[in-house]
Amino acid sequence: MSKNKQDTQLALILDARHHDPFAYLGSHRQDKSFVFRAFLPYADRVWLKTSSGWDPLLRSHGNGLYVWQGDIAPPSPCLLRIEHDGSAYEQYDPYSFGSTLSADEMYLHGEGRLLQAYKTLGARVSEQDGVTGVRFAVWAPNAERVSVVGDFNRWDGRMHPMRAHGSSGLWDIFIPGLNAQALYKYEVRNRHSGNLVSKTDPYGFSFEQRPGTAAKVTAASAHQWQDQSWLKARAERDWLHAPFNCYEVHLGSWRRNEAGQFLTYREMADQLVSYVQGLGYTHVELLPISEHPLNESWGYQTTGYFGVTNRFGDPDDLRLLIDAFHQANIGVILDWVPGHFPKDEWALARFDGTALYEHEDPRLGEHQEWGTYIFNYGRNEVRNFLLANAHYWLSEFHIDGLRVDAVASMLYLDYSRKAGEWLPNKFGGRENLDAIEFLKQLNVMVHDEFPGALTIAEESTSWPMISRPVYLGGLGFSMKWNMGWMNDILKYIEHDPVYRRYEHDKLTFGQLYAYSENFVLPFSHDEVVHGKKSLLDKMPGDAWQKFANLRLLTTLQMTTPGKKLNFMGNEFGQGREWNVNSSLDWHLLDAHWHQGMQHASRDLNHLYRTIPALYELDFEGQGFEWIDCRDHDQSTISFQRKARDGSFIVVLLNFTPVLRTGYRLGVPVPGDYVELFNSDASYYGGSNQGNGAGLRSEAHSWMGHPHSLVVTLPPLAGVILQRKPTQ
């Protein structure tokens, strides 16, 4: 290397602008001898371990460049002895180690097909050339220089600049001697502007406590999974015809300890799992548990997509919680947010000084409603980031499915935008073609790689075939939230019963499209915040009527075709709106009406799981038949739910506070009928009107059926009847 070139490279090192420090630092052949260089600005004296012992290095520049020359190459990897402030220690030179990235990994990442990119990028404790340390890798294609900074190098970006890998945009370095728990960030200098940004790791597995924003090196998992039988059964389950009843949970506000502090993942493995199991839910859905800085964002403003939030413990603690759910035969769905990310300057936003994960043009790259950035789904590496993140949660944490947040915002280029504020696609349309392709790739990957895992779209428009396979032209989701049904039913139930006769179509309209998708019927967190009131408080009337209406609403949900989801607190009649900063009001269970609501929820849940007619044909029209949907004057509806073996139940719902005796109901076959469930039972807090003695059909045709029953229909109540088997 010529003197001029050496001077140029030295200037780049001293200026922290070198894109390939490995070409200058470390051991190199120079003519017929060898030269070793180390940049150690905080060292007083430095020695190099050679075949003849410890050779001193010459401080050739006042800023901290140390140089050694010899006829024989020093042993690799090079070991240094460093003296500073009177103390000495030994460390291996990071520029003595080769790249940690393979050509295949770089190629697949560039193609968007490195599905386990979390094993390549980020920070991992590993061993190289017999030396333990941490290997770092990051994608920053518009950087002139990227350095790893942390406590271990005084957060000085001059100390550990990384190796660039050409047009791949990838950078890596192996830092020997580092261990788990080390805090770190990436210091990135933009190649165009020269501006410096300090960024947390996009692939970081854990992070320091708020308000700190550094990533934390995480040791390999030590958790021993005990859920093999669950995963085997999941892979074989016919989920289309199986019960799915989901309890939606925000872990930070479900329950807190006596001091008002968060429960840990391990404490929730004792308390939450047994609670969900006892109430008979089949699944839980966890609001986003990836790392986020602000509690009030509920986890939807994610800054660490691969990081388990440390509010409740470490990654293995979360694994223990999920394992406990599985051993209790409860599936775990993760609320996942690939639609947008926050603008925090230390996270993904303008990661290498440019719009890297987002679009440069705000008409494509900014979400005006939420003040966030939109992912650039057309960029292979960005798509790879999201696909690898989904793979990570499903693989490393045995998650059973993803509820994908805000799908509508991804599908439409004009979502929440006025004319002139958005750019059309190449065909002139409003559809986001790149997002559509990403969602298809996501669903194909999940269903191919993780048998039995589910993907569920929160999608609020009439986009067709959301839950139809990709090979048939659909987006490939397993299921879709039925936002239309939810809105109609809540608008209906909020009316005073005297006016419900004029809104009767809101009860029945959903059946016109109920089988166009695989629908989930949700009463989610979004319906009990921001002034919308709790479900209980939405109900009209006095206290008795409010609880009767809520039990009736729950009965309607649990008997209507479609899978089920309820937000925590709905099951016992939480009185106030959900507050993310406090526990649910568990003291309410001291009151009879709240106890009764919880008992009704539990009994409906267990009934749902044990009666095939309530779940087997949720997505098929032959599983449902109206008995009478026209009785708007009395605000009642009745219908059958059917199973594949021909068994059926009869459901009657009375949406007025009027006790109806002598109510004639058509039934398909004669026989004796029994009351399986009555939401007006005194055990649930009702008036205890019903048909406890049983019913016998009459040969009196009614409602299009050759036989009928004369029933008592309780006020503001739902009744489920089943024909007794003949002897």
# chains A, B, ... in the order shown; residues from 1 in each chain; ligands from 1

$ residues_around --residues "stretch 666-675 of chain A" --least-positions-apart "2" --cutoff "9 Å" --atoms "only C-alpha atoms" --output "JSON, numbers by chain"
{"A": [627, 628, 640, 650, 664, 677, 678, 690, 691, 692, 693, 694, 695, 696, 697, 698, 699, 700, 701, 702, 703, 704, 705, 706, 707, 708, 709, 710, 719, 720, 721, 722, 723, 724, 725, 726]}

$ closest_atom_pairs --of "stretch 238-315 of chain A" --to "stretch 118-134 of chain A" --cutoff "12 Å" --atoms "only C-alpha atoms" --output "tab-separated table"
residue	atom	partner	partner_atom	distance
A:Gly304	CA	A:Gly122	CA	11.5
A:Tyr305	CA	A:Tyr118	CA	10.7
A:Phe306	CA	A:Tyr118	CA	8.1
A:Gly307	CA	A:Gly122	CA	11.0

$ residues_around --residues "A:Glu625" --least-positions-apart "2" --cutoff "9 Å" --atoms "only C-alpha atoms" --output "NGL selection string"
:A and (621-623 or 627 or 639-642)

$ write_last_selection --atoms "C-alpha atoms" --output "PDB file, in the first residue's frame"
ATOM      1  CA  GLY A 621     -74.609 -21.559   4.959  1.00  0.00           C
ATOM      2  CA  GLN A 622     -76.021 -25.021   5.661  1.00  0.00           C
ATOM      3  CA  GLY A 623     -75.134 -24.551   9.312  1.00  0.00           C
ATOM      4  CA  ILE A 627     -86.994 -19.894  11.934  1.00  0.00           C
ATOM      5  CA  PHE A 639     -83.008 -19.667  14.197  1.00  0.00           C
ATOM      6  CA  GLN A 640     -81.437 -23.092  14.007  1.00  0.00           C
ATOM      7  CA  ARG A 641     -77.740 -23.929  14.176  1.00  0.00           C
ATOM      8  CA  LYS A 642     -76.810 -27.252  12.606  1.00  0.00           C
TER       9      LYS A 642
END

$ closest_residue --among "A:Tyr392, A:Phe351, A:Tyr663, A:Trp254" --to "A:Ser290" --atoms "only C-alpha atoms"
A:Tyr392

$ closest_residue --among "A:Arg644, A:His398, A:His592, A:Arg145" --to "A:Phe624" --atoms "only C-alpha atoms"
A:Arg644

$ atom_distance --atom1 "atom CA of A:Ile173" --atom2 "atom CA of A:Gln69"
24.3 Å

$ residues_around --residues "stretch 258-261 of chain A" --least-positions-apart "2" --cutoff "12 Å" --atoms "only C-alpha atoms" --output "ChimeraX atom specification"
/A:251-256,263-264,267,311-312,581-584

$ write_last_selection --atoms "all heavy atoms" --output "short mmCIF file (atom, residue, chain, number, x, y, z; two decimals), in the first residue's frame"
data_model
loop_
_atom_site.label_atom_id
_atom_site.label_comp_id
_atom_site.auth_asym_id
_atom_site.auth_seq_id
_atom_site.Cartn_x
_atom_site.Cartn_y
_atom_site.Cartn_z
N LEU A 251 -51.70 -7.28 28.34
CA LEU A 251 -51.05 -7.85 29.52
C LEU A 251 -50.78 -6.81 30.61
O LEU A 251 -50.77 -7.14 31.80
CB LEU A 251 -49.74 -8.54 29.12
CG LEU A 251 -49.87 -9.77 28.23
CD1 LEU A 251 -48.50 -10.34 27.91
CD2 LEU A 251 -50.75 -10.83 28.87
N GLY A 252 -50.58 -5.57 30.22
CA GLY A 252 -50.25 -4.56 31.21
C GLY A 252 -51.42 -4.05 32.03
O GLY A 252 -51.22 -3.38 33.05
N SER A 253 -52.64 -4.36 31.62
CA SER A 253 -53.80 -3.82 32.33
C SER A 253 -54.86 -4.88 32.62
O SER A 253 -55.95 -4.54 33.06
CB SER A 253 -54.43 -2.67 31.53
OG SER A 253 -54.79 -3.09 30.23
N TRP A 254 -54.55 -6.15 32.36
CA TRP A 254 -55.50 -7.20 32.74
C TRP A 254 -55.63 -7.25 34.26
O TRP A 254 -56.72 -7.14 34.82
CB TRP A 254 -55.04 -8.56 32.19
CG TRP A 254 -55.92 -9.69 32.62
CD1 TRP A 254 -57.19 -9.95 32.20
CD2 TRP A 254 -55.60 -10.71 33.57
NE1 TRP A 254 -57.69 -11.07 32.82
CE2 TRP A 254 -56.74 -11.56 33.67
CE3 TRP A 254 -54.48 -11.00 34.35
CZ2 TRP A 254 -56.77 -12.67 34.52
CZ3 TRP A 254 -54.50 -12.11 35.19
CH2 TRP A 254 -55.64 -12.92 35.27
N ARG A 255 -54.51 -7.39 34.90
CA ARG A 255 -54.48 -7.39 36.37
C ARG A 255 -53.11 -6.90 36.82
O ARG A 255 -52.10 -7.21 36.18
CB ARG A 255 -54.76 -8.79 36.92
CG ARG A 255 -54.72 -8.88 38.45
CD ARG A 255 -55.08 -10.29 38.91
NE ARG A 255 -56.52 -10.54 38.77
CZ ARG A 255 -57.06 -11.76 38.73
NH1 ARG A 255 -56.28 -12.83 38.79
NH2 ARG A 255 -58.37 -11.90 38.62
N ARG A 256 -53.07 -6.15 37.91
CA ARG A 256 -51.80 -5.70 38.46
C ARG A 256 -51.68 -6.18 39.90
O ARG A 256 -52.67 -6.63 40.50
CB ARG A 256 -51.68 -4.18 38.38
CG ARG A 256 -51.65 -3.67 36.93
CD ARG A 256 -51.16 -2.27 36.80
NE ARG A 256 -51.01 -1.88 35.40
CZ ARG A 256 -50.52 -0.72 35.00
NH1 ARG A 256 -50.11 0.17 35.91
NH2 ARG A 256 -50.42 -0.42 33.72
N LEU A 263 -47.91 -7.37 36.42
CA LEU A 263 -47.60 -8.77 36.65
C LEU A 263 -46.51 -9.19 35.67
O LEU A 263 -46.43 -8.67 34.55
CB LEU A 263 -48.83 -9.65 36.45
CG LEU A 263 -50.02 -9.44 37.38
CD1 LEU A 263 -51.13 -10.44 37.05
CD2 LEU A 263 -49.62 -9.56 38.84
N THR A 264 -45.68 -10.12 36.06
CA THR A 264 -44.66 -10.64 35.16
C THR A 264 -45.26 -11.73 34.28
O THR A 264 -46.34 -12.26 34.55
CB THR A 264 -43.48 -11.22 35.94
OG1 THR A 264 -43.92 -12.38 36.66
CG2 THR A 264 -42.91 -10.20 36.92
N GLU A 267 -45.83 -14.66 36.47
CA GLU A 267 -47.02 -14.55 37.31
C GLU A 267 -48.29 -14.77 36.49
O GLU A 267 -49.25 -15.40 36.96
CB GLU A 267 -47.05 -13.18 37.99
CG GLU A 267 -46.01 -13.04 39.09
CD GLU A 267 -45.88 -11.62 39.60
OE1 GLU A 267 -46.11 -10.67 38.82
OE2 GLU A 267 -45.53 -11.46 40.79
N ARG A 311 -41.36 -5.04 29.89
CA ARG A 311 -42.26 -4.63 30.96
C ARG A 311 -42.59 -5.79 31.90
O ARG A 311 -42.83 -5.61 33.09
CB ARG A 311 -43.56 -4.09 30.37
CG ARG A 311 -43.45 -2.73 29.71
CD ARG A 311 -44.69 -2.45 28.88
NE ARG A 311 -44.73 -1.07 28.39
CZ ARG A 311 -44.06 -0.65 27.31
NH1 ARG A 311 -43.27 -1.50 26.64
NH2 ARG A 311 -44.16 0.61 26.92
N PHE A 312 -42.63 -6.99 31.34
CA PHE A 312 -43.11 -8.14 32.10
C PHE A 312 -42.07 -9.25 32.26
O PHE A 312 -42.37 -10.28 32.87
CB PHE A 312 -44.35 -8.74 31.41
CG PHE A 312 -45.29 -7.71 30.86
CD1 PHE A 312 -45.53 -7.62 29.50
CD2 PHE A 312 -45.92 -6.80 31.70
CE1 PHE A 312 -46.39 -6.66 28.98
CE2 PHE A 312 -46.78 -5.84 31.19
CZ PHE A 312 -47.01 -5.77 29.83
N ASN A 581 -53.65 2.15 31.81
CA ASN A 581 -52.74 2.39 32.92
C ASN A 581 -53.23 1.85 34.26
O ASN A 581 -52.68 2.18 35.31
CB ASN A 581 -52.46 3.89 33.04
CG ASN A 581 -51.61 4.41 31.90
OD1 ASN A 581 -50.60 3.81 31.54
ND2 ASN A 581 -52.01 5.51 31.30
N SER A 582 -54.26 1.03 34.23
CA SER A 582 -54.72 0.43 35.49
C SER A 582 -55.32 -0.93 35.22
O SER A 582 -55.62 -1.29 34.08
CB SER A 582 -55.76 1.33 36.17
OG SER A 582 -56.94 1.41 35.41
N SER A 583 -55.51 -1.69 36.28
CA SER A 583 -56.08 -3.03 36.19
C SER A 583 -57.56 -2.95 35.85
O SER A 583 -58.23 -1.93 36.04
CB SER A 583 -55.88 -3.73 37.54
OG SER A 583 -56.63 -4.92 37.60
N LEU A 584 -58.09 -4.06 35.34
CA LEU A 584 -59.54 -4.20 35.28
C LEU A 584 -60.12 -4.10 36.69
O LEU A 584 -59.42 -4.34 37.68
CB LEU A 584 -59.93 -5.55 34.66
CG LEU A 584 -59.56 -5.79 33.19
CD1 LEU A 584 -59.99 -7.18 32.76
CD2 LEU A 584 -60.18 -4.74 32.28
#

$ residues_around --residues "stretch 493-496 of chain A" --least-positions-apart "4" --cutoff "10 Å" --atoms "only C-alpha atoms" --output "PDB file with N, CA and C atoms, in the first residue's frame"
ATOM      1  N   ASP A 488     -73.198  -3.047  13.266  1.00  0.00           N
ATOM      2  CA  ASP A 488     -74.659  -3.134  13.195  1.00  0.00           C
ATOM      3  C   ASP A 488     -75.252  -3.568  14.533  1.00  0.00           C
ATOM      4  N   ILE A 489     -74.669  -4.602  15.118  1.00  0.00           N
ATOM      5  CA  ILE A 489     -75.234  -5.155  16.352  1.00  0.00           C
ATOM      6  C   ILE A 489     -75.107  -4.169  17.501  1.00  0.00           C
ATOM      7  N   ARG A 500     -86.340  -0.453  19.006  1.00  0.00           N
ATOM      8  CA  ARG A 500     -85.606  -1.484  18.280  1.00  0.00           C
ATOM      9  C   ARG A 500     -86.402  -2.047  17.104  1.00  0.00           C
ATOM     10  N   ARG A 501     -87.714  -2.002  17.185  1.00  0.00           N
ATOM     11  CA  ARG A 501     -88.530  -2.531  16.095  1.00  0.00           C
ATOM     12  C   ARG A 501     -88.225  -1.822  14.783  1.00  0.00           C
ATOM     13  N   TYR A 502     -87.757  -0.568  14.859  1.00  0.00           N
ATOM     14  CA  TYR A 502     -87.461   0.206  13.652  1.00  0.00           C
ATOM     15  C   TYR A 502     -86.047  -0.054  13.124  1.00  0.00           C
ATOM     16  N   GLU A 503     -85.252  -0.801  13.867  1.00  0.00           N
ATOM     17  CA  GLU A 503     -83.870  -1.100  13.484  1.00  0.00           C
ATOM     18  C   GLU A 503     -83.660  -2.602  13.288  1.00  0.00           C
ATOM     19  N   LYS A 506     -80.892  -4.433  11.279  1.00  0.00           N
ATOM     20  CA  LYS A 506     -79.504  -4.526  11.744  1.00  0.00           C
ATOM     21  C   LYS A 506     -79.215  -5.878  12.393  1.00  0.00           C
ATOM     22  N   LEU A 507     -80.248  -6.521  12.926  1.00  0.00           N
ATOM     23  CA  LEU A 507     -80.096  -7.861  13.494  1.00  0.00           C
ATOM     24  C   LEU A 507     -79.920  -8.919  12.421  1.00  0.00           C
ATOM     25  N   LEU A 535     -68.801  -2.118  27.178  1.00  0.00           N
ATOM     26  CA  LEU A 535     -69.983  -2.802  26.634  1.00  0.00           C
ATOM     27  C   LEU A 535     -71.174  -2.652  27.565  1.00  0.00           C
ATOM     28  N   ASP A 537     -71.817  -0.299  29.698  1.00  0.00           N
ATOM     29  CA  ASP A 537     -72.316   1.073  29.742  1.00  0.00           C
ATOM     30  C   ASP A 537     -72.988   1.485  28.441  1.00  0.00           C
ATOM     31  N   LYS A 538     -72.748   0.747  27.356  1.00  0.00           N
ATOM     32  CA  LYS A 538     -73.459   1.016  26.104  1.00  0.00           C
ATOM     33  C   LYS A 538     -74.932   0.614  26.207  1.00  0.00           C
ATOM     34  N   MET A 539     -75.232  -0.330  27.103  1.00  0.00           N
ATOM     35  CA  MET A 539     -76.574  -0.890  27.166  1.00  0.00           C
ATOM     36  C   MET A 539     -77.562   0.131  27.726  1.00  0.00           C
ATOM     37  N   PRO A 540     -78.763   0.233  27.160  1.00  0.00           N
ATOM     38  CA  PRO A 540     -79.764   1.173  27.662  1.00  0.00           C
ATOM     39  C   PRO A 540     -80.481   0.634  28.902  1.00  0.00           C
ATOM     40  N   GLY A 541     -81.185   1.534  29.593  1.00  0.00           N
ATOM     41  CA  GLY A 541     -82.032   1.122  30.702  1.00  0.00           C
ATOM     42  C   GLY A 541     -81.375   1.247  32.052  1.00  0.00           C
ATOM     43  N   LYS A 546     -79.451  -3.133  31.875  1.00  0.00           N
ATOM     44  CA  LYS A 546     -78.103  -3.116  31.304  1.00  0.00           C
ATOM     45  C   LYS A 546     -77.483  -4.514  31.347  1.00  0.00           C
ATOM     46  N   ASN A 549     -79.362  -6.885  28.968  1.00  0.00           N
ATOM     47  CA  ASN A 549     -78.974  -6.615  27.585  1.00  0.00           C
ATOM     48  C   ASN A 549     -77.590  -7.165  27.268  1.00  0.00           C
ATOM     49  N   LEU A 550     -76.645  -7.025  28.214  1.00  0.00           N
ATOM     50  CA  LEU A 550     -75.292  -7.519  27.964  1.00  0.00           C
ATOM     51  C   LEU A 550     -75.280  -9.037  27.880  1.00  0.00           C
ATOM     52  N   LEU A 552     -77.780 -10.836  26.904  1.00  0.00           N
ATOM     53  CA  LEU A 552     -78.451 -11.109  25.631  1.00  0.00           C
ATOM     54  C   LEU A 552     -77.491 -10.905  24.460  1.00  0.00           C
ATOM     55  N   LEU A 553     -76.732  -9.808  24.494  1.00  0.00           N
ATOM     56  CA  LEU A 553     -75.752  -9.541  23.438  1.00  0.00           C
ATOM     57  C   LEU A 553     -74.735 -10.671  23.343  1.00  0.00           C
ATOM     58  N   PHE A 655     -85.501  -9.116  22.369  1.00  0.00           N
ATOM     59  CA  PHE A 655     -84.786  -7.861  22.583  1.00  0.00           C
ATOM     60  C   PHE A 655     -85.660  -6.779  23.219  1.00  0.00           C
ATOM     61  N   THR A 656     -86.748  -7.185  23.858  1.00  0.00           N
ATOM     62  CA  THR A 656     -87.571  -6.249  24.618  1.00  0.00           C
ATOM     63  C   THR A 656     -87.643  -6.714  26.064  1.00  0.00           C
TER      64      THR A 656
END

$ select_by_dssp --residues "stretch 158-402 of chain A" --states "helix (DSSP H, G or I)" --output "MDAnalysis selection string"
chainID A and resid 166:168 228:236 239:241 265:279 295:297 315:327 362:365 380:396

$ closest_atom_pairs --of "stretch 252-368 of chain A" --to "stretch 191-214 of chain A" --cutoff "10 Å" --atoms "only C-alpha atoms" --output "CSV"
residue,atom,partner,partner_atom,distance
A:Ser290,CA,A:Ser206,CA,9.1
A:Glu291,CA,A:Phe207,CA,7.6
A:His292,CA,A:Arg210,CA,9.0
A:Pro293,CA,A:Arg210,CA,6.5
A:Leu294,CA,A:Arg210,CA,8.8
A:Thr303,CA,A:Pro202,CA,8.0
A:Gly304,CA,A:Pro202,CA,6.4
A:Tyr305,CA,A:Pro202,CA,7.0
A:Phe306,CA,A:Phe205,CA,5.2
A:Gly307,CA,A:Phe205,CA,4.2
A:Val308,CA,A:Ser206,CA,5.9
A:Thr309,CA,A:Ser206,CA,7.2
A:Asn310,CA,A:Gln209,CA,6.9
A:Arg311,CA,A:Gln209,CA,7.9
A:Asp314,CA,A:Ser206,CA,7.6
A:Pro315,CA,A:Ser206,CA,7.7
A:Asp344,CA,A:Lys199,CA,9.9
A:Glu345,CA,A:Lys199,CA,7.7
A:Trp346,CA,A:Lys199,CA,4.6
A:Ala347,CA,A:Thr200,CA,5.6
A:Leu348,CA,A:Pro202,CA,6.6
A:Ala349,CA,A:Lys199,CA,9.2
A:Arg350,CA,A:Val197,CA,9.1
A:Phe351,CA,A:Lys199,CA,6.9
A:Asp352,CA,A:Val197,CA,7.3
A:Gly353,CA,A:Val197,CA,6.9
A:Thr354,CA,A:His192,CA,9.4

$ residues_around --residues "A:Tyr89" --least-positions-apart "2" --cutoff "12 Å" --atoms "only C-alpha atoms" --output "list in words"
Ala43, Asp44, Arg45, Val46, Trp47, Leu79, Leu80, Arg81, Ile82, Glu83, His84, Asp85, Gly86, Ser87, Gln91, Tyr92 and Gly177 of chain A

$ residues_around --residues "A:Phe375" --least-positions-apart "2" --cutoff "9 Å" --atoms "only C-alpha atoms" --output "list in words"
Pro338, Gly339, His340, Phe341, Leu356, Tyr357, Glu358, His359, Gly365, Glu366, Tyr373, Tyr377, Gly378, Arg379, Val382, Arg383 and Ala435 of chain A

$ closest_residue --among "A:Glu527, A:Glu111, A:Asp680, A:Asp238" --to "A:Pro451" --atoms "only C-alpha atoms"
A:Asp238
